[in-house]
Every structure is written in structure tokens, then in C-alpha cells.
Amino acid sequence: MSKRTKGEPGTRHAIAGKPVPLVDGIEKVTGKALYTADLETEDALIGRILRSPVSHGLISRLDVSKALALEGVRAVVTGADCDHTYGVIPIAMNEYPLARDKVRYRGEAVAAVAAIDAATAELALELIELEIEELQAYYTAEEARAPDAVLLHDDKPGNLEREVHHEFGDLQAGFSNAAFVLSERFDCAEVNHAQMEPHAALAYYDDERSRLTVHSVTQVPFYVHLMLARCLNMDASRIRVVTPFVGGGFGSRTETLNFELIVALLARAANGKVMMRLTREETLITHRGRPHTTVKLKIGMTNEGRIAAVECETVQRGGAYAGYGLVTILYAGALLHGIYDIAAIKYDGYRVYANLPPCGAMRGHGTVDVRHAFECMIDRMARELGLDPFQVRRMNMVAAPSRTLNDLMVNSCGLGECIDAVEKASGWKERKAKLPPGRGLGMACSHYVSGAAKPVHWTGEPHAVVSMKLDFDGGITVFTGASDIGQGSTTMVALAAAEILNVDIARIRLITNDSAVTPKDNGSYSSRVTFMVGNAAIEASKNLRKILVAAAAKKLDANPEDIICEAETFSVRGSEQSMMSFADVAIAALADDGTINVKGTFTCPPEAQGGKHRGGAVGSTMGFSYAAQVVEVSIDPDTCLVTVEKVWAALDCGFAINPLAVEGQIEGSVWMGMGQAISEETVYANGLPVHGSLLEYRMPTIVESPDIDVTIVESIDPLGPFGAKEAGEGALSGFPPALVNAIADAIGIDMNTLPVRPDRLMEALVARRRKDKITARNSEEVS
Amino acid sequence: MKRLIRLEINGRKHEDAVADNLLLVDYLREAKKLTGTKKGCDGGECGACTVLIDGVARPSCITLAATCDGHKIETIEGQAKNGRLSALQRSFHENLGTQCGFCTPGMIMAAEALLRQNPEPNEDAIRSALGGNLCRCTGYVKIIKSVRAAAGAKT
């Protein structure tokens, strides 16, 4: 059960702030929710992809004639059918939907087939003749950066996608003020989102009118729309993108993915409808996960525990193509800022190409591995200096309002309350010293952005638009292009509208994610939806309310300022007789002009959009969420198996518009951090994913998942909708360091590699026992 | 080769000729249009396709349709009776035991099998019964809560 520190339900608002089930929850529990793979395919062809069997090479021969000649095959497409690249950042789009001339990772799409059934499509793949002249392949950032390494991309010397060098404040002075300086290296494995729904897309090409409709699992239908127009060389007005129910995202679908373009190329080539359902293995290949990351961190601390200076070098193995890479490497540096007040920070980031599937954005984009290293080291330094880890964090917390060294805006911060909450809830003070052997407590803090204040496709448009229709039936239809990927964003929009209009949530109908109907939305990523779409929904609702109030005032012969609207009834202040029902006011409002359409927009002000330095827009946001957590572990001395006994997490989400959904987001993100900390990692054997199933990719099951005690902290952000900020990412990055700190507390071993697999911990334990023995023998000899 | 199977799905009798190698999940989703049963993996990894066969929770993605001849199959579509949600469906809805919803049908079916056998399961029994059902959204906290609440509502 969650606790809240402020804004108890009902104190501030009539509707917002009370826990409600998801507005689309009934469909989910009854099996009626249609996901992309569930869409009707009676008349559809089945699409399949031929993938490269080698990691790096030049395509010397690709002959599809036999496949094309097979009965039942309607289309075969290859790299020759699309010479436009796609990607995320306009300046860094270097990937083709189907490889042209060169393949850069094992599993890269080379050709695709559409046939009357799956068996025919699979047989056709066998008939495609592919010859590849192999090149040297690189599977680590270190190998790829070697001076004599073959280049994956000719324009990227050293196989470096992007380097970032940022220095703020006086580093030398900072380190000379420090009484204690510690340097460490951390290695964090590549991890995947592993959302439960495998990738799928359905495309329909209408040759008579040259129109294309694509249904997909995407978090970013707008970006998919742009890339479809680009890669198919079509006028964007002839394309329609629809997102049905989405079975999880976590960042895996925050960029256009090759299968979404391939299915459209196939549909056009076949003049028809093509369904493409990827297998779990293919879904894991098309992952765009968090890259393998090496963090070298140097921190200087005063005797009192003030962080005086920080120097950080981060190397990310980004995989074969750019994707979100340059954003990820910038985020890793930018989010060194914004949580603690530090006088000097230097950051050097290197994003490296390697012959593996491309990485991308994953929950906690960019910040997780660096925050892990940082929070582990702060703990170790506090221990060394004999300081309390909670106190050290409190003393360094960022103040609000303020601007960070790298020019990020901080308007609200409830980190102190988060720290207090988990210290108290976990019984840290009373229990810490009394834990039995093999048991430990660890803590850590974290933060995350509520959306990027400057989006990657910068057009100058508002950051979010929500429109609304009120019609003769008194029903309010809200249109939003924001993808609900399970986080409850559709419910959030409904609550915002119901609150402002003072109507029952049942009066509101949501239409989401259809480019033919709903206003453009940048998508569900970087936790932007509540802040931006929520504010746009509030504005749209206020615009509608104004019309309703004016209509009621006219009918009731009163001033609009005197009209009160409560629980679907309009009345005149001070006059109990003058009342109108919502339905009557709606009819009155329609009388002059008919059906009412309004919209609301939200724009992040320029001062929120970050510093002027190169890459300064990344990390900029309207509001940071803050989190603290305590993790309790027990360690089996024989197997080194780490059991997470319990987690206490607190997150400052500004204001919980729907506390039930906020709790769910905190629990889910903490748990995802646990997976990364104890068991999840991708493993490649010569580029072949060994983790290509949900048995090998080891996410925690219900059996090893702990209870999570949640506290919601509400700092009431001055610009957030009802004061809200993000809730779905901020707590993730605190888990791995809190776990590693708890392991140190339990058995005195500091682990610098993620995940902390039992074999890794055992190795460290054996090494320490050996060292202890040698030390003991040496001291015996001396005596 | 095809063979004739007679079976009951959600209380209705069906008779179909099915290929020997047709998986139950594909039979349900494609032939019967019961797409509530989900495919989350390449076979037996995730539990999203869990259905009840004679009241026992089974992954339909590693069950041949042909072996279901003469058996009673229950899927998520058969859980609500006369338009009323089952206790588990209501509980998953109200307690946010579902976020993206993709694992939900399998999760509810596995929990349904548990509650029929053990109407008042403790937390360990719930964890054990749902051990083969993966969820990526909830961290399982509210799934456990949903099952417990449904058990309370039933008894």
C-alpha cells in the first residue's frame, strides 16, 4: 500500500489525485483488447524476413528469382527496393530498411517475402541465394576502436559514432578542495526491454488511390509516419498510421524499426495487405536496448561529505547503426547534473559502433549505468569517511528552483522527502546494525526527465496538442495521438479532462493514435506524456469549459464569472433555483454553431530547452522526478545467489494524477532495475544472440520478485499538469546501486560489474578468501 | 494429415478438422478468432498463451490442437459470464494487475486454475502457480495483490 506525503485525495481536486482503474482496463482483462498481431488477417499475405548469417560483410550476390517464382509468393523486396536511410536524428540516419551492399550485424534484414501463408513465405526465404564476402567483425567497443580496425561506416573514423566532451566549473579547484578522491571502473551489460508483446505490423497498400495504411506496435506513430514517407518516397498525406493496443514498450519502440518499413515495402510491392509478426528471437534482435557501458568515474569529496568535483568517462557499445545513439551518449553526461549540487563536472563520452544489433533508448535512457556507478561510489566514499549515506545525499541535493551547471532548469525537488521516507519505512536506523550475517541494506537516489524540452524532430510546433469534441449527445470525445503502452496515459488524459470540466469520467470517450483522426503527437518516450499531453488536455478542457460556462450564463441570465459547475450541474452563485444539467448546457452551447471542436496545446518555454553548448538540449526538461530507495538482500554463502528480500521506494512525481498508475509505474521500474542488477544481460557468440528467448534472457519471474513498498512524494511542480511530473522511469536507476551497496553491507564485497550474477559474486568472494588467507599467512610469518 | 476433433471451448461444442501439427494457440487464434490468448514467445517461455484444459492451466503454444479431442478448453473470452467480469478479471482491473495487458489473459487463466484448486492461497502458493507467467510491466506486486483480492472476494 502506498503512502503519500502531500496532496491527499480530494484535498486539492475533485477527481485528479484519486486512484482509478485504467479506462481501457476492461478490454485487457477480458481478452477483447486487440493488439497488432490480433488484427484480422483473413485476406492478408504473411511477411517474413531473410536475415544476414554473418556479422560483417559485403553482399556479393543476392538472387531472389527462385523465391519470386515460387507459387504463392506475391512479393520479394531487397535493399535495391529502398535507397533511403532511416533513423532518429536528422543528421544521423544511416540505416536502410534492408541492407544494401553491406551487412553490419548478424540478423540484419537482407530481403523479405510476402506469400499466401507462412509456410510458403518460409520456403521462399530458403530459395533466396545470398553470398557475402566476410569482413572482420567487432563485438566489443575496445576491439572496434583499435587503430587498425575495419570501419563499419566509412565516414566514421575509429568506429566512433559520436564523442562528447563537456566540462563545467573549475575541476582542478574542485579536486584540490576534496579530502578524498576515489576512481573506479564499472562495466554494465547490455540489456533489453523484452516487452511481452513481440513486434508486429500490418500494412495495406491501396494501389488504386496510392494510399498506405500501417498498423504497428510503435510508441512513436508520428516518427513512423515520417520514416514511411521518406523510405517509400510517398507524400505523407497518403499515409495513415494506426496504433492498436501496445503490449509494452520501455523504449524498444521509440524509433521506427526496420520491420515497419519492410512490411510497407512488401505491401506496396504486392499491391495488398501484409501481416508481419516477428518471433521472440527476431524481436530480441530488433531490440534497441541499453548498450553495454563502461563508466570510469572519479569523485572528490570533502571530509564533511560534500561532492567537490566529478570526472566521468563513458564508453557505450552502440551496435551497428546510429539510432538514438548520440542522444544516449549525451544523456549519460547531461544527467550527471540535476540531482546533486556539484561545483565542477567533466564528462567524456564515446559512442562506438560494433557488429551487433543496434542499441537505442531504454527506460531511464542514458542515465542508468552512470547513475549506478555514481551512487555506488558515493556510498563507498561515505563509508570510508565514516559518514551516513543518507546524510551525504541530503547535504548534496540540488535546490529548487535553480539551474544546473549545464543550464538545465530545476523547478521542484522532493528528493529530501524521498530520502526521509525510505529511511523511515525500511527501519534503516534500527535494523541496519542488527541484521544477521549474509543480509544487508543498501540505498541510492536517482532522477529522470519529464520529457525532452526540445524534441529530436524540431519543427517549432507546440510540444503537444489535444483536441476535443462536444456533440448533441452531451458526450465529450477527446483525441490524442499519445500511445498508451500500458503506463495509463489514456486514463491520465481522461482524468485531466474530467477534473477541469467537472464531469463524470464516464462522459468522456478517448480516441487515440490514428493519424487520420487524432492530432500529431511526438510519442510516448522520455516520460513526456503526462507533463506535455496532460498540460495540453488541461488547456483543451479549459477552452471547452469556457464555451459551456458562456452558454449556461446566457441561458441562466447571469454573468459567466458567477457560473459554478459542480458534478455535472451548472448553477449561479448565490441563486439556488438557477440550475442546468450538463446535457442541457451542451444543447444550449451547440445552438449557435453546432458541434463544438476545441483544442489545447502545450509548448515548453525556451528557458527550459537547455544550454547553448553543443548537445545542450539533451537532458533539458520541464521537470525532474526524484527517487530514493532502500534494498534489502540476503546472500546464500554457498551459491552466492542474491535474493532481494524487500524494496522501499519513494518517488517525487510532483503530483499523482492517478496514484494507482503511479504506484504501478514505480513498482514496475524498480523491478526492471532489479532485472538489470541481478540477472539480465545479452550474450552474443560471434554475433549470434545466445539470449534469443525468454528462457535465456533472464528477467525475474514472480517467484524471485520482492514486495515493493511505495511512497509517493508530491512536490507540486509549478509548471506540471496539476503539479505532476514523470513517474515511470526515475526510480529504475536507483535499484542497481542500492543492490550493490546492500551486497557490500551484507558480505563486504564491492561489485563493479552488472549484472551481479552468482558466478561473478562467487569469483569475487573466492578471490577475497584467497587474499585473506595470504594476508593471514604473511602476518604469521612476520610474527 | 488432418484429423477430426470434437471439443468444448468456453462451454460451446466445436468440431473441426485440424492438421496434426497445428498448435492449440493457432487453432484458437486463427480458426476460432479467440485472439485473447496471446503469443509472447517462440514456445513455452512466457505463459501468455495459458488456457485451461479440463480445468488445468496449460501453455497452448506447446499443446497440439489434435490432442484436445474430447477435452474442455477455457480461454479468457469465456471468463466473464453474462457480461459480468469474473472475480479475477474484476480484481486485476481494479487493482491494476494489468498494465499493457499482454500477459493478462494468461495470468488470469493461470490464477483461475489456482483458485479453483486452492480457494485461499497464501502468497507462496500464488507465486508458485504463476511462476511460468512472465510480466514485464508490474513487477508482479499488483498481480499478487489482484489474486489475493479475488480469492477474498470469492470466499
# chains A, B, ... in the order shown; residues from 1 in each chain; ligands from 1

call {"tool": "interface_residues", "arguments": {"of": "chain B", "to": "chain A", "cutoff": "7 Å", "atoms": "only C-alpha atoms", "output": "ChimeraX atom specification"}}
result
/B:35-36,40-42,45-46,76-77,89,92-94,96,99-105,127-128,130-131,134-141

call {"tool": "select_by_dssp", "arguments": {"residues": "range 63-117 of chain B", "states": "alpha helix (DSSP H)", "output": "mmCIF file with C-alpha atoms, in the first residue's frame"}}
result
data_model
loop_
_atom_site.group_PDB
_atom_site.id
_atom_site.type_symbol
_atom_site.label_atom_id
_atom_site.label_comp_id
_atom_site.auth_asym_id
_atom_site.auth_seq_id
_atom_site.Cartn_x
_atom_site.Cartn_y
_atom_site.Cartn_z
ATOM 1 C CA ALA B 87 -13.730 -12.239 -9.705
ATOM 2 C CA LEU B 88 -10.187 -12.371 -11.056
ATOM 3 C CA GLN B 89 -10.933 -10.147 -14.037
ATOM 4 C CA ARG B 90 -12.531 -7.541 -11.779
ATOM 5 C CA SER B 91 -9.696 -7.749 -9.322
ATOM 6 C CA PHE B 92 -6.976 -7.417 -11.985
ATOM 7 C CA HIS B 93 -8.861 -4.419 -13.381
ATOM 8 C CA GLU B 94 -9.459 -2.654 -10.090
ATOM 9 C CA THR B 104 -3.023 -10.573 -18.548
ATOM 10 C CA PRO B 105 -5.155 -13.271 -20.214
ATOM 11 C CA GLY B 106 -2.551 -15.950 -19.468
ATOM 12 C CA MET B 107 -2.016 -14.609 -15.974
ATOM 13 C CA ILE B 108 -5.752 -14.641 -15.198
ATOM 14 C CA MET B 109 -6.155 -18.167 -16.581
ATOM 15 C CA ALA B 110 -3.255 -19.489 -14.503
ATOM 16 C CA ALA B 111 -4.684 -17.765 -11.430
ATOM 17 C CA GLU B 112 -8.151 -19.158 -12.201
ATOM 18 C CA ALA B 113 -6.770 -22.704 -12.177
ATOM 19 C CA LEU B 114 -5.102 -21.987 -8.852
ATOM 20 C CA LEU B 115 -8.198 -20.538 -7.174
ATOM 21 C CA ARG B 116 -10.367 -23.453 -8.262
ATOM 22 C CA GLN B 117 -7.941 -25.848 -6.680
#

call {"tool": "closest_atom_pairs", "arguments": {"of": "range 139-216 of chain A", "to": "range 370-391 of chain A", "cutoff": "10 Å", "atoms": "only C-alpha atoms", "output": "tab-separated table"}}
result
residue	atom	partner	partner_atom	distance
A:Ala179	CA	A:Leu385	CA	9.5
A:Phe180	CA	A:Met381	CA	7.8
A:Val181	CA	A:Met381	CA	8.4
A:Leu182	CA	A:Met381	CA	7.4
A:Ser183	CA	A:Met377	CA	8.5
A:Glu184	CA	A:Met377	CA	7.8
A:Arg185	CA	A:Ala373	CA	8.0
A:Phe186	CA	A:Ala373	CA	6.2
A:Asp187	CA	A:Ala373	CA	8.9
A:Cys188	CA	A:His372	CA	9.0

call {"tool": "atom_distance", "arguments": {"atom1": "CA of Val466 in chain A", "atom2": "CA of Ile508 in chain A"}}
result
13.6 Å

call {"tool": "residues_around", "arguments": {"residues": "Leu761 in chain A", "least_positions_apart": "5", "cutoff": "9 Å", "atoms": "only C-alpha atoms", "output": "list of chain:residue names"}}
result
A:Cys640, A:Leu641, A:Val642, A:Ile749, A:Met751, A:Val756, A:Val766

call {"tool": "write_last_selection", "arguments": {"atoms": "N, CA and C atoms", "output": "mmCIF file, in the first residue's frame"}}
result
data_model
loop_
_atom_site.group_PDB
_atom_site.id
_atom_site.type_symbol
_atom_site.label_atom_id
_atom_site.label_comp_id
_atom_site.auth_asym_id
_atom_site.auth_seq_id
_atom_site.Cartn_x
_atom_site.Cartn_y
_atom_site.Cartn_z
ATOM 1 N N CYS A 640 26.160 -18.066 -3.579
ATOM 2 C CA CYS A 640 26.245 -16.632 -3.883
ATOM 3 C C CYS A 640 25.001 -16.112 -4.600
ATOM 4 N N LEU A 641 23.914 -16.834 -4.484
ATOM 5 C CA LEU A 641 22.658 -16.371 -5.042
ATOM 6 C C LEU A 641 22.157 -15.190 -4.200
ATOM 7 N N VAL A 642 21.856 -14.091 -4.901
ATOM 8 C CA VAL A 642 21.370 -12.897 -4.212
ATOM 9 C C VAL A 642 19.847 -12.899 -4.238
ATOM 10 N N ILE A 749 31.713 -7.038 0.009
ATOM 11 C CA ILE A 749 32.333 -7.074 -1.321
ATOM 12 C C ILE A 749 31.706 -6.004 -2.210
ATOM 13 N N MET A 751 30.984 -4.848 -5.778
ATOM 14 C CA MET A 751 30.918 -5.381 -7.141
ATOM 15 C C MET A 751 30.892 -4.232 -8.153
ATOM 16 N N VAL A 756 24.984 -8.644 -11.242
ATOM 17 C CA VAL A 756 25.706 -9.370 -10.194
ATOM 18 C C VAL A 756 25.202 -10.810 -10.215
ATOM 19 N N VAL A 766 35.653 -15.760 -3.597
ATOM 20 C CA VAL A 766 36.798 -16.681 -3.568
ATOM 21 C C VAL A 766 38.098 -15.887 -3.593
#

call {"tool": "closest_residue", "arguments": {"among": "B:Lys145, B:Lys13, B:Lys81, B:Lys39", "to": "Ser60 in chain B", "atoms": "only C-alpha atoms"}}
result
B:Lys39

call {"tool": "residues_around", "arguments": {"residues": "Thr621 in chain A", "least_positions_apart": "5", "cutoff": "7 Å", "atoms": "only C-alpha atoms", "output": "PyMOL selection string"}}
result
chain A and resi 409+449-453+608-609

call {"tool": "write_last_selection", "arguments": {"atoms": "N, CA and C atoms", "output": "PDB file, in the first residue's frame"}}
result
ATOM      1  N   MET A 409      16.980  23.334 -16.174  1.00  0.00           N
ATOM      2  CA  MET A 409      16.063  24.013 -15.276  1.00  0.00           C
ATOM      3  C   MET A 409      15.552  23.025 -14.214  1.00  0.00           C
ATOM      4  N   VAL A 449      14.056  12.842 -16.425  1.00  0.00           N
ATOM      5  CA  VAL A 449      13.366  13.976 -17.061  1.00  0.00           C
ATOM      6  C   VAL A 449      11.879  13.672 -17.272  1.00  0.00           C
ATOM      7  N   SER A 450      11.078  14.733 -17.323  1.00  0.00           N
ATOM      8  CA  SER A 450       9.671  14.600 -17.723  1.00  0.00           C
ATOM      9  C   SER A 450       9.576  15.069 -19.172  1.00  0.00           C
ATOM     10  N   GLY A 451      10.159  14.295 -20.044  1.00  0.00           N
ATOM     11  CA  GLY A 451      10.143  14.658 -21.460  1.00  0.00           C
ATOM     12  C   GLY A 451      11.269  15.602 -21.815  1.00  0.00           C
ATOM     13  N   ALA A 452      11.728  15.485 -23.056  1.00  0.00           N
ATOM     14  CA  ALA A 452      12.771  16.375 -23.549  1.00  0.00           C
ATOM     15  C   ALA A 452      12.121  17.702 -23.929  1.00  0.00           C
ATOM     16  N   ALA A 453      12.660  18.783 -23.354  1.00  0.00           N
ATOM     17  CA  ALA A 453      12.067  20.087 -23.646  1.00  0.00           C
ATOM     18  C   ALA A 453      12.294  20.480 -25.109  1.00  0.00           C
ATOM     19  N   ALA A 608      13.483  26.416 -20.861  1.00  0.00           N
ATOM     20  CA  ALA A 608      13.546  25.021 -20.417  1.00  0.00           C
ATOM     21  C   ALA A 608      14.371  24.176 -21.370  1.00  0.00           C
ATOM     22  N   GLN A 609      14.757  24.761 -22.526  1.00  0.00           N
ATOM     23  CA  GLN A 609      15.311  23.916 -23.581  1.00  0.00           C
ATOM     24  C   GLN A 609      16.819  23.727 -23.540  1.00  0.00           C
TER      25      GLN A 609
END

call {"tool": "closest_residue", "arguments": {"among": "B:Val147, B:Cys49, B:Ala153, B:Leu24", "to": "Thr63 in chain B", "atoms": "only C-alpha atoms"}}
result
B:Leu24

call {"tool": "select_by_dssp", "arguments": {"residues": "range 56-144 of chain B", "states": "strand (DSSP E or B)", "output": "mmCIF file with N, CA and C atoms, in the first residue's frame"}}
result
data_model
loop_
_atom_site.group_PDB
_atom_site.id
_atom_site.type_symbol
_atom_site.label_atom_id
_atom_site.label_comp_id
_atom_site.auth_asym_id
_atom_site.auth_seq_id
_atom_site.Cartn_x
_atom_site.Cartn_y
_atom_site.Cartn_z
ATOM 1 N N VAL B 56 -7.151 -27.441 -15.952
ATOM 2 C CA VAL B 56 -5.732 -27.338 -15.603
ATOM 3 C C VAL B 56 -5.059 -26.312 -16.517
ATOM 4 N N ALA B 57 -4.232 -25.425 -15.940
ATOM 5 C CA ALA B 57 -3.549 -24.396 -16.731
ATOM 6 C C ALA B 57 -2.476 -25.022 -17.607
ATOM 7 N N ARG B 58 -2.542 -24.716 -18.924
ATOM 8 C CA ARG B 58 -1.582 -25.279 -19.878
ATOM 9 C C ARG B 58 -1.134 -24.210 -20.867
ATOM 10 N N PRO B 59 0.128 -24.241 -21.255
ATOM 11 C CA PRO B 59 0.542 -23.328 -22.326
ATOM 12 C C PRO B 59 0.035 -23.852 -23.681
ATOM 13 N N LEU B 64 -0.689 -29.501 -28.883
ATOM 14 C CA LEU B 64 -1.261 -29.711 -30.215
ATOM 15 C C LEU B 64 -2.786 -29.709 -30.121
ATOM 16 N N LYS B 72 -12.227 -30.219 -22.543
ATOM 17 C CA LYS B 72 -12.866 -28.916 -22.346
ATOM 18 C C LYS B 72 -11.792 -27.838 -22.264
ATOM 19 N N ILE B 73 -11.892 -26.868 -23.159
ATOM 20 C CA ILE B 73 -10.924 -25.766 -23.180
ATOM 21 C C ILE B 73 -11.619 -24.513 -22.647
ATOM 22 N N GLU B 74 -10.911 -23.785 -21.807
ATOM 23 C CA GLU B 74 -11.429 -22.478 -21.370
ATOM 24 C C GLU B 74 -10.385 -21.419 -21.677
ATOM 25 N N LYS B 81 -19.130 -13.933 -17.322
ATOM 26 C CA LYS B 81 -20.396 -14.653 -17.506
ATOM 27 C C LYS B 81 -21.542 -13.651 -17.560
ATOM 28 N N ARG B 84 -20.751 -10.135 -16.986
ATOM 29 C CA ARG B 84 -20.136 -9.739 -15.707
ATOM 30 C C ARG B 84 -18.728 -10.319 -15.648
#

call {"tool": "residues_around", "arguments": {"residues": "Tyr204 in chain A", "least_positions_apart": "6", "cutoff": "7 Å", "atoms": "only C-alpha atoms", "output": "PyMOL selection string"}}
result
chain A and resi 212-214+267+272-274

call {"tool": "residues_around", "arguments": {"residues": "Val18 in chain B", "least_positions_apart": "4", "cutoff": "9 Å", "atoms": "only C-alpha atoms", "output": "MDAnalysis selection string"}}
result
chainID B and resid 1:5 22 27 65:66

call {"tool": "residues_around", "arguments": {"residues": "Arg162 in chain A", "least_positions_apart": "4", "cutoff": "12 Å", "atoms": "only C-alpha atoms", "output": "PyMOL selection string"}}
result
chain A and resi 91-92+155-158+314-318+321-330+348-353+615

call {"tool": "closest_residue", "arguments": {"among": "A:Leu127, A:Ala583, A:Ala746, A:Ala650", "to": "Gly438 in chain A", "atoms": "only C-alpha atoms"}}
result
A:Ala746

call {"tool": "atom_distance", "arguments": {"atom1": "CA of Thr569 in chain A", "atom2": "CA of Thr518 in chain A"}}
result
29.3 Å
